[in-house]
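Source file: work.cif; contents: mmCIF, C-alpha atoms.
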```
data_input
loop_
_atom_site.group_PDB
_atom_site.id
_atom_site.type_symbol
_atom_site.label_atom_id
_atom_site.label_comp_id
_atom_site.auth_asym_id
_atom_site.auth_seq_id
_atom_site.Cartn_x
_atom_site.Cartn_y
_atom_site.Cartn_z
ATOM 1 C CA MET A 1 81.113 -77.147 -17.988
ATOM 2 C CA ASP A 2 81.358 -79.183 -21.170
ATOM 3 C CA ALA A 3 80.852 -76.020 -23.207
ATOM 4 C CA LEU A 4 83.758 -74.328 -21.404
ATOM 5 C CA ASN A 5 85.872 -77.425 -21.959
ATOM 6 C CA TYR A 6 85.145 -77.216 -25.684
ATOM 7 C CA VAL A 7 85.807 -73.467 -25.893
ATOM 8 C CA PHE A 8 89.080 -73.525 -23.977
ATOM 9 C CA VAL A 9 90.480 -77.000 -24.642
ATOM 10 C CA THR A 10 89.056 -79.313 -27.279
ATOM 11 C CA ASN A 11 88.159 -77.132 -30.255
ATOM 12 C CA PRO A 12 90.762 -77.060 -33.058
ATOM 13 C CA VAL A 13 91.939 -73.518 -32.360
ATOM 14 C CA SER A 14 92.440 -74.155 -28.637
ATOM 15 C CA LYS A 15 94.257 -77.421 -29.349
ATOM 16 C CA GLY A 16 96.638 -75.540 -31.621
ATOM 17 C CA VAL A 17 97.252 -72.853 -28.996
ATOM 18 C CA TRP A 18 97.876 -75.424 -26.249
ATOM 19 C CA SER A 19 100.163 -77.487 -28.489
ATOM 20 C CA GLY A 20 102.112 -74.355 -29.414
ATOM 21 C CA LEU A 21 102.469 -73.355 -25.778
ATOM 22 C CA ASP A 22 103.541 -76.908 -24.971
ATOM 23 C CA ALA A 23 106.265 -76.768 -27.640
ATOM 24 C CA VAL A 24 107.479 -73.377 -26.422
ATOM 25 C CA ALA A 25 107.619 -74.610 -22.833
ATOM 26 C CA LYS A 26 109.657 -77.651 -23.899
ATOM 27 C CA SER A 27 112.054 -75.579 -25.991
ATOM 28 C CA VAL A 28 112.917 -73.221 -23.123
ATOM 29 C CA GLY A 29 113.173 -76.065 -20.627
ATOM 30 C CA LEU A 30 110.125 -75.174 -18.525
ATOM 31 C CA LYS A 31 108.392 -78.467 -19.013
ATOM 32 C CA PRO A 32 110.064 -81.652 -17.769
ATOM 33 C CA LYS A 33 110.483 -84.439 -20.285
ATOM 34 C CA ILE A 34 107.882 -87.179 -19.943
ATOM 35 C CA THR A 35 107.920 -90.643 -21.438
ATOM 36 C CA GLN A 36 104.602 -90.306 -23.229
ATOM 37 C CA MET A 37 104.190 -87.256 -25.422
ATOM 38 C CA GLN A 38 100.968 -85.758 -24.110
ATOM 39 C CA SER A 39 99.892 -82.286 -25.029
ATOM 40 C CA VAL A 40 98.338 -79.905 -22.560
ATOM 41 C CA ALA A 41 95.089 -80.135 -24.501
ATOM 42 C CA THR A 42 94.943 -83.911 -24.080
ATOM 43 C CA GLN A 43 95.654 -83.671 -20.379
ATOM 44 C CA MET A 44 93.035 -80.974 -19.817
ATOM 45 C CA SER A 45 90.354 -82.652 -21.914
ATOM 46 C CA SER A 46 90.543 -85.722 -19.672
ATOM 47 C CA VAL A 47 89.451 -83.697 -16.621
ATOM 48 C CA SER A 48 86.035 -84.716 -15.328
ATOM 49 C CA PRO A 49 83.174 -82.231 -15.316
ATOM 50 C CA LEU A 50 82.676 -80.322 -12.078
ATOM 51 C CA TRP A 51 79.549 -82.217 -11.104
ATOM 52 C CA LYS A 52 81.511 -85.488 -11.181
ATOM 53 C CA LEU A 53 84.323 -83.984 -9.122
ATOM 54 C CA ALA A 54 81.876 -82.616 -6.561
ATOM 55 C CA GLY A 55 81.206 -86.071 -5.131
ATOM 56 C CA LYS A 56 80.112 -85.737 -1.522
ATOM 57 C CA ASN A 57 80.414 -81.935 -1.748
ATOM 58 C CA LEU A 58 77.576 -81.645 -4.237
ATOM 59 C CA TYR A 59 75.575 -79.742 -1.595
ATOM 60 C CA ILE A 60 78.007 -76.827 -2.054
ATOM 61 C CA VAL A 61 77.139 -76.671 -5.752
ATOM 62 C CA ARG A 62 73.460 -76.726 -4.798
ATOM 63 C CA LEU A 63 74.063 -73.864 -2.345
ATOM 64 C CA ALA A 64 75.739 -71.987 -5.183
ATOM 65 C CA GLY A 65 72.623 -72.542 -7.288
ATOM 66 C CA LEU A 66 70.430 -71.160 -4.527
ATOM 67 C CA SER A 67 72.782 -68.225 -4.025
ATOM 68 C CA GLY A 68 72.847 -67.497 -7.756
ATOM 69 C CA ALA A 69 69.067 -67.554 -7.982
ATOM 70 C CA SER A 70 68.771 -65.182 -5.028
ATOM 71 C CA ALA A 71 71.389 -62.864 -6.558
ATOM 72 C CA VAL A 72 69.410 -62.668 -9.791
ATOM 73 C CA VAL A 73 66.119 -62.088 -7.947
ATOM 74 C CA LEU A 74 67.682 -59.371 -5.787
ATOM 75 C CA GLY A 75 69.296 -57.799 -8.865
ATOM 76 C CA ALA A 76 65.924 -57.650 -10.613
ATOM 77 C CA TYR A 77 64.341 -56.186 -7.493
ATOM 78 C CA GLY A 78 67.059 -53.525 -7.233
ATOM 79 C CA ALA A 79 66.738 -52.644 -10.904
ATOM 80 C CA HIS A 80 62.988 -52.100 -10.628
ATOM 81 C CA ARG A 81 62.832 -50.657 -7.124
ATOM 82 C CA ASN A 82 61.733 -47.077 -6.694
ATOM 83 C CA TRP A 83 64.754 -45.599 -4.904
ATOM 84 C CA GLU A 84 62.908 -42.824 -3.127
ATOM 85 C CA ALA A 85 64.623 -41.306 -0.128
ATOM 86 C CA TYR A 86 64.590 -37.971 1.616
ATOM 87 C CA ASP A 87 67.074 -36.563 -0.871
ATOM 88 C CA GLU A 88 68.609 -37.549 -4.200
ATOM 89 C CA LYS A 89 72.097 -37.944 -2.780
ATOM 90 C CA GLU A 90 70.973 -40.557 -0.241
ATOM 91 C CA ALA A 91 68.948 -42.407 -2.899
ATOM 92 C CA GLU A 92 72.002 -42.576 -5.149
ATOM 93 C CA ALA A 93 74.148 -43.863 -2.255
ATOM 94 C CA GLN A 94 71.572 -46.570 -1.515
ATOM 95 C CA ARG A 95 71.408 -47.612 -5.177
ATOM 96 C CA LYS A 96 75.210 -47.746 -5.388
ATOM 97 C CA ALA A 97 75.442 -49.880 -2.210
ATOM 98 C CA PHE A 98 72.795 -52.250 -3.591
ATOM 99 C CA ASP A 99 74.604 -52.586 -6.927
ATOM 100 C CA THR A 100 77.894 -53.302 -5.142
ATOM 101 C CA ALA A 101 76.247 -55.940 -2.945
ATOM 102 C CA ASN A 102 74.613 -57.581 -5.932
ATOM 103 C CA ARG A 103 77.810 -57.603 -8.007
ATOM 104 C CA TYR A 104 79.844 -59.188 -5.182
ATOM 105 C CA HIS A 105 77.027 -61.628 -4.426
ATOM 106 C CA LEU A 106 76.891 -62.885 -7.998
ATOM 107 C CA MET A 107 80.675 -62.965 -8.439
ATOM 108 C CA HIS A 108 81.241 -64.999 -5.286
ATOM 109 C CA THR A 109 78.356 -67.304 -6.163
ATOM 110 C CA LEU A 110 80.326 -68.272 -9.261
ATOM 111 C CA ALA A 111 83.341 -68.917 -7.040
ATOM 112 C CA LEU A 112 81.192 -71.260 -4.928
ATOM 113 C CA MET A 113 80.784 -73.449 -8.005
ATOM 114 C CA SER A 114 84.485 -74.326 -7.999
ATOM 115 C CA ILE A 115 84.746 -75.167 -4.309
ATOM 116 C CA PRO A 116 84.276 -78.954 -4.626
ATOM 117 C CA ILE A 117 87.648 -79.215 -6.373
ATOM 118 C CA VAL A 118 89.688 -77.406 -3.700
ATOM 119 C CA ARG A 119 91.621 -79.237 -0.991
ATOM 120 C CA ARG A 120 89.439 -78.046 1.927
ATOM 121 C CA PRO A 121 85.968 -77.455 0.473
ATOM 122 C CA VAL A 122 84.096 -77.119 3.770
ATOM 123 C CA LEU A 123 86.474 -74.432 5.069
ATOM 124 C CA THR A 124 86.449 -72.504 1.794
ATOM 125 C CA ALA A 125 82.657 -72.736 1.445
ATOM 126 C CA SER A 126 82.186 -71.600 5.048
ATOM 127 C CA LEU A 127 84.415 -68.585 4.504
ATOM 128 C CA PHE A 128 82.690 -67.668 1.245
ATOM 129 C CA LEU A 129 79.196 -68.018 2.703
ATOM 130 C CA THR A 130 80.100 -66.089 5.857
ATOM 131 C CA GLY A 131 81.786 -63.360 3.832
ATOM 132 C CA MET A 132 78.904 -63.087 1.406
ATOM 133 C CA SER A 133 76.394 -62.943 4.251
ATOM 134 C CA LEU A 134 78.272 -60.308 6.205
ATOM 135 C CA PHE A 135 79.509 -58.164 3.308
ATOM 136 C CA CYS A 136 76.661 -58.414 0.815
ATOM 137 C CA GLY A 137 73.987 -58.763 3.491
ATOM 138 C CA THR A 138 75.162 -55.615 5.239
ATOM 139 C CA LEU A 139 75.143 -53.650 1.985
ATOM 140 C CA TYR A 140 71.709 -55.002 1.015
ATOM 141 C CA TYR A 141 70.389 -54.068 4.471
ATOM 142 C CA ARG A 142 71.866 -50.563 4.281
ATOM 143 C CA SER A 143 70.501 -49.925 0.811
ATOM 144 C CA LEU A 144 66.999 -51.192 1.553
ATOM 145 C CA THR A 145 66.527 -49.656 5.008
ATOM 146 C CA GLY A 146 68.860 -46.655 5.006
ATOM 147 C CA SER A 147 70.157 -47.784 8.395
ATOM 148 C CA GLN A 148 73.890 -47.611 9.122
ATOM 149 C CA ARG A 149 73.854 -49.779 12.253
ATOM 150 C CA LEU A 150 75.313 -52.936 10.647
ATOM 151 C CA LYS A 151 78.007 -51.221 8.591
ATOM 152 C CA LYS A 152 80.786 -52.419 10.925
ATOM 153 C CA LEU A 153 80.145 -55.988 9.751
ATOM 154 C CA ALA A 154 81.034 -55.278 6.106
ATOM 155 C CA PRO A 155 84.827 -55.204 6.658
ATOM 156 C CA ILE A 156 84.604 -58.506 8.551
ATOM 157 C CA GLY A 157 82.700 -60.002 5.617
ATOM 158 C CA GLY A 158 85.241 -58.617 3.169
ATOM 159 C CA SER A 159 88.042 -60.170 5.212
ATOM 160 C CA CYS A 160 86.245 -63.521 5.146
ATOM 161 C CA LEU A 161 85.980 -63.284 1.360
ATOM 162 C CA ILE A 162 89.719 -62.576 1.082
ATOM 163 C CA LEU A 163 90.480 -65.526 3.367
ATOM 164 C CA ALA A 164 88.169 -67.733 1.283
ATOM 165 C CA TRP A 165 90.103 -66.912 -1.874
ATOM 166 C CA LEU A 166 93.390 -67.545 -0.071
ATOM 167 C CA SER A 167 92.109 -70.858 1.305
ATOM 168 C CA MET A 168 91.795 -72.083 -2.266
ATOM 169 C CA ILE A 169 95.584 -71.896 -2.535
ATOM 170 C CA PHE A 170 96.419 -74.130 0.414
#
```

Show me the file's structure as structure tokens.
Amino acid sequence: MDALNYVFVTNPVSKGVWSGLDAVAKSVGLKPKITQMQSVATQMSSVSPLWKLAGKNLYIVRLAGLSGASAVVLGAYGAHRNWEAYDEKEAEAQRKAFDTANRYHLMHTLALMSIPIVRRPVLTASLFLTGMSLFCGTLYYRSLTGSQRLKKLAPIGGSCLILAWLSMIF
């Protein structure tokens, strides 16, 4: 997190960009006048690292770590798996489903990392974990077994993922 803070906020180039954007915002009247002249870079550099903000929700970050590790392990397995099926078309469909599941799994694992800073972390984490389980789990199951019997759960999981992203707003 400190590396991202340096890249986007505290290095000299980023400070210049933020200061320039601050001046532009003031000149067009988008930024209200404040008594102390603080630049955006100064305000953003004072933000605590995520692990400090997590507080009592640190278990969510730990779940994200577990989810990320499993996504990497499953990705390695899928990359080295022998995708033999009855025909080439079915094997390609299974590989594509696995790749989609793995991509969404890893992407939403990264989203789990930011959950401690949202207003309702338990709700958002529950929606993300349910969505990942139903959407990614269904696609993993389909790709590894060839069975279509759980495919009706994928749209429910996708809806949970959408709701999780929306819950970060409110």

Expected selection from the PyMOL selection byres ((chain A and resi 62-66) around 9), given as a list in words: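 For this structure, the PyMOL selection byres ((chain A and resi 62-66) around 9) resolves to Leu58, Tyr59, Ile60, Val61, Ser67, Gly68, Ala69, Ser70, Ala71, His108, Thr109, Leu110, Ala111, Leu112 and Met113 of chain A.
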
Write the residues of the selection above to a file with C-alpha atoms, as a tab-separated table (two decimals), keeping the file's coordinate frame.
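Output file selection-v1.tsv is given in full below:
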```tsv
chain	number	residue	atom	x	y	z
A	58	LEU	CA	77.58	-81.64	-4.24
A	59	TYR	CA	75.58	-79.74	-1.60
A	60	ILE	CA	78.01	-76.83	-2.05
A	61	VAL	CA	77.14	-76.67	-5.75
A	67	SER	CA	72.78	-68.22	-4.03
A	68	GLY	CA	72.85	-67.50	-7.76
A	69	ALA	CA	69.07	-67.55	-7.98
A	70	SER	CA	68.77	-65.18	-5.03
A	71	ALA	CA	71.39	-62.86	-6.56
A	108	HIS	CA	81.24	-65.00	-5.29
A	109	THR	CA	78.36	-67.30	-6.16
A	110	LEU	CA	80.33	-68.27	-9.26
A	111	ALA	CA	83.34	-68.92	-7.04
A	112	LEU	CA	81.19	-71.26	-4.93
A	113	MET	CA	80.78	-73.45	-8.01
```

From A:Phe128, A:Phe170, A:Phe98, A:Tyr77, residue lying nearest Arg142 in chain A [all atoms listed in the file]: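 Under the stated criterion, the closest residue is A:Phe98.
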
Residues returned when the PyMOL selection byres ((chain A and resi 125) around 8) runs on this file, as a list in words: Ile60, Leu112, Ile115, Pro121, Val122, Leu123, Thr124, Ser126, Leu127, Phe128, Leu129 and Ala164 of chain A

Between CA of Asn102 in chain A and CA of Val72 in chain A - distance in Å to one decimal: 8.2 Å

Atomic distance CA of Asp99 in chain A - CA of Ala154 in chain A, expressed in Å with one decimal: 14.8 Å

CA of Leu134 in chain A to CA of Gln94 in chain A, distance in Å rounded to a single decimal: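 CA of Gln94 in chain A lies 17.1 Å from CA of Leu134 in chain A.
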
Nearby residues, (70.8, -57.6, 5.6) file frame, 12 Å, all atoms listed in the file, as number ranges by chain: A: 74, 97-98, 101, 132-151, 153-154
